[in-house]
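upload12.txt follows; it contains compact mmCIF, C-alpha atoms.
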# COMPACT_ATOMS: atom_id res chain seq x y z
CA MET D 1 30.97 -26.53 -12.50
CA PHE D 2 27.49 -26.17 -11.02
CA GLU D 3 26.84 -23.06 -13.11
CA LYS D 4 26.86 -25.28 -16.20
CA ILE D 5 23.93 -27.24 -14.81
CA VAL D 6 22.05 -23.98 -14.21
CA SER D 7 22.93 -22.51 -17.62
CA GLU D 8 21.96 -25.70 -19.45
CA THR D 9 18.70 -25.85 -17.48
CA LEU D 10 17.90 -22.22 -18.32
CA ALA D 11 18.81 -22.67 -21.97
CA ARG D 12 16.72 -25.83 -22.16
CA TYR D 13 13.54 -24.27 -20.76
CA LEU D 14 13.83 -20.61 -21.77
CA GLY D 15 15.02 -21.77 -25.18
CA ASP D 16 11.50 -23.04 -25.86
CA TYR D 17 10.24 -19.48 -25.64
CA ILE D 18 13.14 -17.19 -26.55
CA GLU D 19 15.25 -17.04 -29.66
CA GLY D 20 19.04 -17.20 -29.62
CA LEU D 21 19.74 -18.49 -26.11
CA ASP D 22 23.03 -20.37 -25.89
CA ALA D 23 24.00 -22.51 -22.87
CA LYS D 24 27.73 -21.85 -23.32
CA ASN D 25 27.31 -18.07 -23.36
CA LEU D 26 24.95 -18.26 -20.39
CA SER D 27 27.51 -20.26 -18.43
CA ILE D 28 30.19 -17.63 -19.03
CA THR D 29 27.79 -14.83 -18.06
CA LEU D 30 26.60 -16.62 -14.92
CA TRP D 31 30.14 -17.26 -13.67
CA SER D 32 30.19 -13.86 -11.95
CA GLY D 33 26.92 -14.59 -10.16
CA GLU D 34 25.04 -11.89 -12.07
CA ALA D 35 23.47 -12.16 -15.49
CA SER D 36 21.32 -9.66 -17.34
CA LEU D 37 19.73 -10.55 -20.65
CA GLY D 38 17.93 -7.82 -22.58
CA ASP D 39 15.67 -7.38 -25.60
CA LEU D 40 14.82 -11.07 -25.91
CA LYS D 41 12.57 -11.97 -28.83
CA MET D 42 9.81 -14.53 -28.32
CA LYS D 43 9.48 -17.49 -30.68
CA GLU D 44 6.36 -17.80 -32.80
CA ASP D 45 5.64 -21.20 -31.27
CA ALA D 46 6.27 -20.03 -27.69
CA LEU D 47 2.67 -20.84 -26.70
CA ASN D 48 2.59 -24.34 -28.16
CA ARG D 49 2.77 -25.80 -24.66
CA LEU D 50 -0.78 -24.55 -24.09
CA ASP D 51 -1.95 -26.94 -26.80
CA LEU D 52 -4.15 -24.23 -28.33
CA PRO D 53 -4.53 -22.99 -31.91
CA VAL D 54 -2.71 -19.78 -31.02
CA THR D 55 0.45 -18.28 -32.45
CA VAL D 56 2.70 -15.44 -31.32
CA LYS D 57 2.48 -12.48 -33.69
CA GLY D 58 5.04 -10.49 -31.76
CA GLY D 59 6.60 -10.54 -28.35
CA PHE D 60 9.68 -9.87 -26.32
CA ILE D 61 11.05 -9.68 -22.80
CA GLY D 62 12.73 -6.40 -22.02
CA ARG D 63 15.06 -7.86 -19.41
CA ILE D 64 15.78 -11.00 -17.40
CA LYS D 65 18.14 -10.57 -14.47
CA LEU D 66 19.58 -13.45 -12.48
CA SER D 67 21.42 -13.17 -9.17
CA ILE D 68 23.07 -16.43 -8.13
CA PRO D 69 25.27 -16.51 -5.00
CA TRP D 70 27.42 -19.48 -6.06
CA THR D 71 29.43 -19.63 -2.84
CA ARG D 72 26.34 -19.24 -0.65
CA LEU D 73 23.72 -21.44 -2.32
CA LYS D 74 23.00 -23.11 1.01
CA THR D 75 22.30 -19.82 2.78
CA ASP D 76 21.19 -17.24 0.18
CA SER D 77 18.39 -17.21 -2.35
CA ILE D 78 18.60 -17.09 -6.12
CA ILE D 79 16.69 -14.08 -7.43
CA ILE D 80 15.02 -14.00 -10.83
CA GLU D 81 13.70 -10.69 -12.14
CA MET D 82 11.78 -10.14 -15.35
CA GLN D 83 10.72 -6.81 -16.80
CA GLN D 84 8.50 -5.87 -19.71
CA VAL D 85 7.00 -9.18 -20.80
CA PHE D 86 4.86 -8.40 -23.84
CA ILE D 87 3.20 -11.11 -25.91
CA LEU D 88 0.86 -10.31 -28.80
CA CYS D 89 -0.87 -13.36 -30.21
CA GLY D 90 -3.63 -14.34 -32.57
CA PRO D 91 -5.35 -17.38 -34.08
CA LYS D 92 -3.13 -19.96 -35.70
CA PRO D 93 -3.97 -20.53 -39.39
CA PRO D 94 -5.81 -23.86 -39.89
CA SER D 95 -2.97 -25.06 -42.11
CA GLN D 96 -0.61 -24.80 -39.12
CA TRP D 97 -2.92 -26.48 -36.63
CA ASP D 98 -2.07 -30.17 -36.67
CA ALA D 99 -3.32 -32.20 -33.74
CA LYS D 100 -0.87 -35.00 -34.51
CA GLY D 101 2.01 -32.55 -34.58
CA GLU D 102 0.93 -31.12 -31.25
CA LYS D 103 1.03 -34.60 -29.71
CA GLN D 104 4.53 -35.08 -31.04
CA ARG D 105 5.61 -31.81 -29.41
CA GLU D 106 4.07 -32.99 -26.15
CA GLN D 107 6.16 -36.17 -26.30
CA LYS D 108 9.22 -34.05 -26.98
CA MET D 109 8.60 -31.98 -23.85
CA LYS D 110 8.30 -35.14 -21.74
CA GLN D 111 11.59 -36.39 -23.13
CA GLU D 112 13.25 -33.07 -22.29
CA LYS D 113 12.18 -33.45 -18.67
CA LEU D 114 13.70 -36.92 -18.58
CA ASN D 115 16.91 -35.58 -20.09
CA LEU D 116 17.08 -32.87 -17.43
CA ALA D 117 16.70 -35.45 -14.65
CA LYS D 118 19.55 -37.45 -16.13
CA LEU D 119 21.66 -34.30 -16.45
CA LEU D 120 21.30 -33.43 -12.76
CA LYS D 121 22.34 -36.94 -11.77
CA SER D 122 25.20 -37.44 -14.17
CA ARG D 123 27.15 -34.16 -14.19
CA GLY D 124 30.64 -34.80 -12.89
CA GLU D 125 31.84 -31.20 -12.98
CA ALA D 126 30.02 -29.87 -9.92
CA PRO D 127 31.85 -29.03 -6.70
CA GLU D 128 32.57 -32.10 -4.57
CA GLU D 129 30.11 -31.15 -1.85
CA ILE D 130 27.17 -31.46 -4.22
CA THR D 131 28.30 -34.59 -6.10
CA GLN D 132 27.70 -37.03 -3.26
CA PRO D 133 24.71 -39.39 -3.60
CA GLY D 134 21.51 -37.37 -3.39
CA ALA D 135 23.39 -34.10 -2.81
CA ILE D 136 22.55 -32.58 -6.20
CA GLU D 137 18.86 -33.29 -5.69
CA ALA D 138 19.02 -31.86 -2.16
CA THR D 139 20.80 -28.73 -3.33
CA MET D 140 18.38 -28.18 -6.21
CA THR D 141 15.45 -28.69 -3.83
CA LYS D 142 16.81 -26.07 -1.44
CA ILE D 143 17.38 -23.65 -4.33
CA LEU D 144 13.81 -24.08 -5.59
CA ASP D 145 12.36 -23.84 -2.07
CA ASN D 146 14.06 -20.45 -1.59
CA LEU D 147 13.75 -19.06 -5.10
CA GLN D 148 12.68 -15.41 -5.18
CA PHE D 149 10.78 -14.27 -8.23
CA ARG D 150 9.93 -10.73 -9.31
CA ILE D 151 8.15 -9.69 -12.48
CA SER D 152 6.88 -6.32 -13.66
CA ASP D 153 5.07 -4.86 -16.66
CA VAL D 154 3.33 -7.89 -18.15
CA HIS D 155 0.83 -7.74 -20.98
CA LEU D 156 -0.53 -10.74 -22.86
CA ARG D 157 -2.91 -9.71 -25.65
CA TYR D 158 -4.95 -11.80 -28.08
CA GLU D 159 -6.50 -10.17 -31.11
CA ASP D 160 -8.60 -11.63 -33.90
CA SER D 161 -8.98 -9.43 -36.98
CA GLU D 162 -11.64 -11.65 -38.57
CA GLU D 163 -13.88 -11.71 -35.50
CA GLY D 164 -13.01 -8.10 -34.66
CA PHE D 165 -12.19 -8.38 -30.97
CA SER D 166 -9.25 -8.35 -28.56
CA ALA D 167 -8.71 -9.68 -25.07
CA GLY D 168 -5.85 -9.87 -22.63
CA PHE D 169 -4.51 -9.47 -19.15
CA THR D 170 -2.07 -6.98 -17.71
CA LEU D 171 0.01 -6.98 -14.56
CA ASP D 172 1.95 -4.15 -12.98
CA GLN D 173 4.05 -6.16 -10.51
CA LEU D 174 4.27 -9.60 -8.92
CA THR D 175 6.69 -10.98 -6.32
CA ALA D 176 7.01 -14.43 -4.75
CA ASN D 177 9.07 -15.07 -1.61
CA SER D 178 9.60 -17.97 0.78
CA CYS D 179 8.40 -17.64 4.37
CA ASP D 180 8.40 -19.55 7.63
CA GLU D 181 5.24 -21.04 9.14
CA ASN D 182 4.40 -17.61 10.59
CA TRP D 183 4.55 -16.02 7.14
CA LYS D 184 7.73 -14.09 7.85
CA PRO D 185 10.19 -13.92 4.92
CA THR D 186 13.12 -16.22 5.62
CA PHE D 187 15.64 -18.60 4.07
CA LEU D 188 14.51 -22.22 4.39
CA ASN D 189 17.69 -23.89 5.53
CA MET D 190 16.28 -27.20 6.73
CA PRO D 191 14.18 -29.62 4.65
CA HIS D 192 10.47 -28.80 4.80
CA THR D 193 7.51 -30.94 3.86
CA ILE D 194 5.39 -27.80 3.55
CA ILE D 195 6.69 -24.73 1.74
CA HIS D 196 5.17 -21.34 2.58
CA LYS D 197 5.15 -18.66 -0.09
CA ILE D 198 3.75 -15.15 -0.15
CA ILE D 199 2.74 -13.97 -3.60
CA SER D 200 2.07 -10.25 -3.88
CA LEU D 201 0.56 -8.73 -6.96
CA LYS D 202 -0.26 -5.22 -8.03
CA ASN D 203 -2.82 -4.09 -10.60
CA LEU D 204 -3.78 -7.42 -12.13
CA SER D 205 -6.54 -6.95 -14.71
CA VAL D 206 -8.34 -8.75 -17.52
CA TYR D 207 -10.01 -6.98 -20.43
CA TRP D 208 -12.24 -7.84 -23.38
CA ASN D 209 -12.83 -5.40 -26.22
CA PRO D 210 -15.73 -6.81 -28.30
CA LYS D 211 -15.12 -4.35 -31.12
CA ASP D 212 -11.47 -3.75 -31.74
CA THR D 213 -8.84 -3.73 -34.46
CA PRO D 214 -5.30 -5.17 -34.34
CA LEU D 215 -2.50 -2.95 -33.13
CA LYS D 216 -0.61 -1.23 -35.91
CA TYR D 217 3.13 -0.88 -35.47
CA THR D 218 6.26 -0.85 -37.57
CA SER D 219 8.78 -2.26 -35.09
CA THR D 220 9.03 -4.44 -32.00
CA GLU D 221 9.94 -1.35 -29.96
CA GLU D 222 6.78 0.45 -31.07
CA MET D 223 4.68 -2.61 -30.25
CA GLY D 224 6.27 -2.67 -26.80
CA ARG D 225 5.41 0.96 -26.16
CA MET D 226 1.79 0.36 -27.18
CA MET D 227 1.49 -2.75 -25.01
CA HIS D 228 3.10 -0.97 -22.06
CA ALA D 229 0.71 1.98 -22.33
CA MET D 230 -2.23 -0.40 -21.75
CA ILE D 231 -0.94 -1.63 -18.39
CA HIS D 232 -2.88 -0.16 -15.49
CA LYS D 233 -0.54 1.58 -13.07
CA ASP D 234 -0.98 4.05 -10.26
CA GLY D 235 -1.48 7.33 -12.08
CA ASN D 236 -1.98 5.64 -15.46
CA ALA D 237 -5.43 4.18 -16.10
CA PRO D 238 -6.06 3.29 -19.78
CA LEU D 239 -9.43 4.55 -20.98
CA ASP D 240 -9.94 2.34 -24.04
CA LEU D 241 -10.10 -1.05 -22.30
CA HIS D 242 -13.30 -2.81 -21.26
CA TYR D 243 -12.38 -4.60 -18.06
CA ILE D 244 -14.03 -7.87 -17.08
CA LEU D 245 -11.70 -7.89 -14.07
CA GLN D 246 -10.95 -4.46 -12.74
CA PRO D 247 -7.32 -3.93 -11.63
CA ILE D 248 -6.79 -5.59 -8.27
CA SER D 249 -3.89 -5.74 -5.82
CA GLY D 250 -3.24 -7.99 -2.87
CA SER D 251 -1.25 -10.81 -1.34
CA LEU D 252 -1.79 -14.54 -1.46
CA LYS D 253 -0.49 -16.94 1.16
CA VAL D 254 0.33 -20.31 -0.37
CA ARG D 255 1.24 -23.57 1.31
CA LEU D 256 2.82 -26.10 -1.04
CA ARG D 257 2.91 -29.69 0.09
CA LYS D 258 5.80 -31.64 -1.38
CA LYS D 259 5.19 -34.95 -3.06
CA ASN D 260 4.62 -37.80 -0.63
CA ALA D 261 4.44 -35.38 2.31
CA LEU D 262 1.33 -35.64 4.47
CA ASP D 263 -0.03 -32.89 6.69
CA ALA D 264 -3.39 -33.27 8.42
CA SER D 265 -3.79 -29.48 8.53
CA ILE D 266 -3.91 -29.27 4.73
CA PRO D 267 -6.92 -30.69 2.87
Will you turn the file into structure tokens for me?
Amino acid sequence: MFEKIVSETLARYLGDYIEGLDAKNLSITLWSGEASLGDLKMKEDALNRLDLPVTVKGGFIGRIKLSIPWTRLKTDSIIIEMQQVFILCGPKPPSQWDAKGEKQREQKMKQEKLNLAKLLKSRGEAPEEITQPGAIEATMTKILDNLQFRISDVHLRYEDSEEGFSAGFTLDQLTANSCDENWKPTFLNMPHTIIHKIISLKNLSVYWNPKDTPLKYTSTEEMGRMMHAMIHKDGNAPLDLHYILQPISGSLKVRLRKKNALDASIP
């Protein structure tokens, strides 16, 4: 069934960041059209894709919620919600920083993308209406064009005990929705060469504490509470952060031109 493609795709990509994800269990959970995953622990190498000498000291995602209208994929949007994304990282020990190894991981990621493309073309268990030539690609394109994304309570923090500083960014809320050419939220039913998205964010900030010590905690839950307390919210303004970007809120209108699509109105 088509949910197996989705579950395998999620397990393949989220599995690079989160421990213990299983495609089979995800498929069973997604069958109902609703899935809620909680208290997900981040892998130590979750940031390897950035190709930086950085390692995750602690991190978790409080909840990931998926709403997938299986019988209405051509008319309704898939909604992804994430809550409490906390990542605490620090410098990777020199003994673990291997440029050659990083290149090998990069090759592995490219191979995974190729494997995914083959998966979408070769699955024979999807409903008949999306197994016709090009139908899977068309359905996936429509799903991605109309994907709704919501995330709240995000804090990425880097701390270096030897240099004695910390830095990070926090985010209260962010949403991304598809719109028509007049920027009105809508479901994009017909193929579009230009995709319009409105991204709204609330209380995005960046801080740098030149003299700071690492957070001290005894459990992941305690770390989460400390990270959450440093997120700027209405009515909660942390006093011990030196902002280089004061908390800002606003909306961003984005026009995404698909590959090989030309539009003279877009530079």
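The space separating atom CA of D:Leu174 from atom CA of D:Pro214 comes to 27.5 Å.
Take atom CA of D:Ile198 and atom CA of D:Leu66: the distance between them is 20.1 Å.
Distances from D:Tyr217, D:Phe86, D:Tyr17, D:Phe187 to D:Ile151 were compared using all atoms listed in the file, and the smallest one belongs to D:Phe86.
Closest approach to D:Gly33 among D:Ile78, D:Phe60, D:Ile231, D:Leu52 is made by D:Ile78 (distances from only C-alpha atoms).
With all atoms listed in the file as the basis for measurement, D:Ser152 is the residue among D:Ser152, D:Asn48, D:Gln107, D:Asn209 that approaches D:Ile80 most closely.
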Taking (-6.2, -2.3, -16.2) in the file's coordinates as the center, which residues reach within 12 Å of it, counting all atoms listed in the file, put as an MDAnalysis selection string? chainID D and resid 153:155 167:172 202:208 227:249
Need the shell around D:Leu147: protein/DNA/RNA residues with any atom at most 9 Å away, counting all atoms listed in the file. Skip same-chain ones fewer than 5 positions apart. Format as a count of residues only? 8
Could you please determine the separation between atom CA of D:Val56 and atom CA of D:Lys41 in Å, to one decimal place? 10.8 Å
